[in-house]
Amino acid sequence: MSRQGCCTHDPSCGQEALTLDSTWTREPQYLELPSLRDQLASVVSTGGLIGLSPAMRMIHGLISKAADRPYPVMILGETGTGKELVARCIHRLGARQRAPFVAVDCSSLSPTLIESELFGHLRGAFTGADIPRKGLVEAADTGTLFLDEIGELPIELQAKLLRVIQEREVRPIGSAHSRAVNVRFIAATHRDLRDAVDKGAFRSDLFYRLNVIPINMPPLRERRVDIPLLVAAFLAKHADPGRPIERISGDFWRLVGSLSWPGNVRELENFVVRSIALGSGPVLHNEDGCDCPIPEKILSCRPAAGPQSLAALERGAILTALEATKGDKFAAAQILGIGKTTLYRKLKGYRENSE
């Protein structure tokens, strides 16, 4: 699917995915970034939804079908999996692409003003309503309204939203008349809405109205084959022109391939940005982005009193610097007058000896 450049879906991409998946199983010393960029350019366009794994191929197919149909969509998935990106892709690929796309974070709306934010109000409808205001539902007329974290919407407002979806009309606060709206609804949540329905925290009728086309976003740990392409995309997106990254070390790939990424794609992007910011050369190493805490077992192993070996003195100095900087490895390395890579190598040795 290539309309409007949201994502491509070439059946021949399977072998490339297998090649990328072996990036950390082959354990190469380095991977040249230009070759990875070439693979990225050949399988994904400018829409930003990146993935060749079987799970993402299924998502691509669902997006294509949802874009061609006017029905509500419910996007489910953990935080950081790209739910809003999927919603935007559906909008850009559909017939409403030239109309507004209005995103609403239901968890961030003020409880006292949420009804006004969604449905609007007339002047004088309540204290402080000095001017009439169009609600977000009406602002999305002829386009798409994306209700992010729909599970956080107060249950008393769920009935009003249900009426808007059913009747295709909205009544601003203070008005005796409804206004017709033509809105395509896409909702998303990280919560288990079926469980919320069972507990009475979410209306079953609203759930079934929105869950016409369900899309379940896979967590990053279930689509590791996509990580190299995601890394390449984030390196291109956040590149520092003054310090270009030309190669990626094998230890970097082994690290990103071994982590569970509870924050999913958003956490991976943050890791890559931190690696760029803290890196000191054209080669990206795992320690550049690593922000792992020092195990207590290492910090508690203090050298004994009395004459000590040079290695023990060195260890004591490193641990003291880490305590003084509250675990900030970059600052500790500056205090010690050593390179960041040297500090990480020493800490790795301490970890191995403490196990």
# chains A, B, ... in the order shown; residues from 1 in each chain; ligands from 1
>>> select_by_dssp(residues="region 90-134 of chain A", states="helix (DSSP H, G or I)", output="MDAnalysis selection string")
chainID A and resid 90:93 114:119
>>> residues_around(residues="region 59-76 of chain A", least_positions_apart="3", cutoff="7 Å", atoms="only C-alpha atoms", output="VMD selection string")
chain A and resid 1 55 to 56 83 90 to 91 93 to 94 184 to 190 210 to 217
>>> atom_distance(atom1="CA of Gly143 (chain A)", atom2="CA of Gln97 (chain A)")
7.5 Å
>>> residues_around(residues="Trp261 (chain A)", least_positions_apart="5", cutoff="9 Å", atoms="only C-alpha atoms", output="list of chain:residue names")
A:Pro219, A:Leu220, A:Arg221, A:Val256, A:Glu267, A:Leu268
